[in-house]
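Participant: Take a look at the following structure, please.
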Amino acid sequence: MSTTLATTHYPPLVIHFGPYLRNLNDREFYEFCRLNRDLRIERTSEGDVIVMSPTVSKTGIKEFSLIGQFFVWVANDQTGEGFSSSTGLRLPNGAIRSSDLAWIRNERWNALTEKDQEIFAPICPDFVVELRSPSDQLNYMQAKMLEYIENGAQLGWLIDPLTMTVYIYQPNQTVECLKKPRTLSGEPLLVGFTLDLAPIWG
C-alpha cells in the first residue's frame, strides 16, 4: 500500500545540544535562526532545538485565510497586537516558540521595553492558534498547546483540517473538542471575533 503525503506524519527533528545551546542568549539564537532562515526553528525550555518541516502549500492557503480574518478584527478592535507564524516569543519557562497566529493585549505588549520587543519578546501570547499540517504529529501539537496555557495563554485553538476537528484550550478547563464547527467565537477574550472555518475545511 502506498503512503501519500497527506497521511504521512513526520516528527519534528529535535537536536539535543544540551548545555551548549542552553548558554546561547536570545541574540545568539536569533543569529542561529537567521542563518537557517529556510527552516522553522524553536527551542524548548531544556535548550533543545526543534526543526520542523515547512508548511505544505494547501496548509499555507488555509493559514493565509486564518491570518487574514484575524487581521481584519485586530485592525478594527485595536486592543492588542497580532503576530504571524514567523514570530518567535520567549515563554516564562524559557522556551522560544512560534505559532501560526498569536495575539497579545496592548497593555502587556506595551509594558515591555523596546529592547525586549526587538528579538524574541519575553512574553506568552494571550491568544494562540496552531493549524495542523499533514506533516504535523497531533500529540506534539497538543503538548505545545498545553505549554502555552501553562505559561499564561488565556485561549488556544488547535485546528486540525485533516479530521475537521478543533481543540479549545483554556486555563483550568478540560480541553474542548469540536467536530467540524462552522465558526469559532473568540468571546469573551476576543470581543466580536468569529472565525469562519469554511476556508479552513475547504
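Labeling convention for the C-alpha cells: chains A, B, ... as they appear, residues from 1 per chain, ligands from 1 in order of appearance.
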Find the residues around segment 106-116 of chain A up to 12 Å (only C-alpha atoms counted), leave out those fewer than 5 positions away in its own chain, and share them as a count of residues only.
Facilitator: 19
Participant: As an NGL selection string, please: every residue in segment 118-151 of chain A that a backbone DSSP assignment puts in strand (DSSP E).
Facilitator: :A and (127-131)
Participant: Please identify the alpha helix (DSSP H) residues within segment 81-134 of chain A (assignment by DSSP from backbone atoms) and present them as a CSV table (one decimal) with C-alpha atoms, in the first residue's frame.
Facilitator:
```csv
chain,number,residue,atom,x,y,z
A,106,ASN,CA,-1.7,46.2,24.3
A,107,GLU,CA,-1.2,46.7,28.0
A,108,ARG,CA,1.0,43.7,28.2
A,109,TRP,CA,2.9,44.3,25.0
A,114,GLU,CA,11.9,48.3,23.3
A,115,LYS,CA,14.9,46.0,23.7
A,116,ASP,CA,12.6,43.2,24.9
A,117,GLN,CA,10.3,43.7,21.9
A,118,GLU,CA,13.2,43.6,19.4
```
Participant: Could you check how far atom CA of Pro199 of chain A sits from atom CA of Leu66 of chain A, in Å to one decimal?
Facilitator: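 Computing it gives 8.4 Å between the two atoms.
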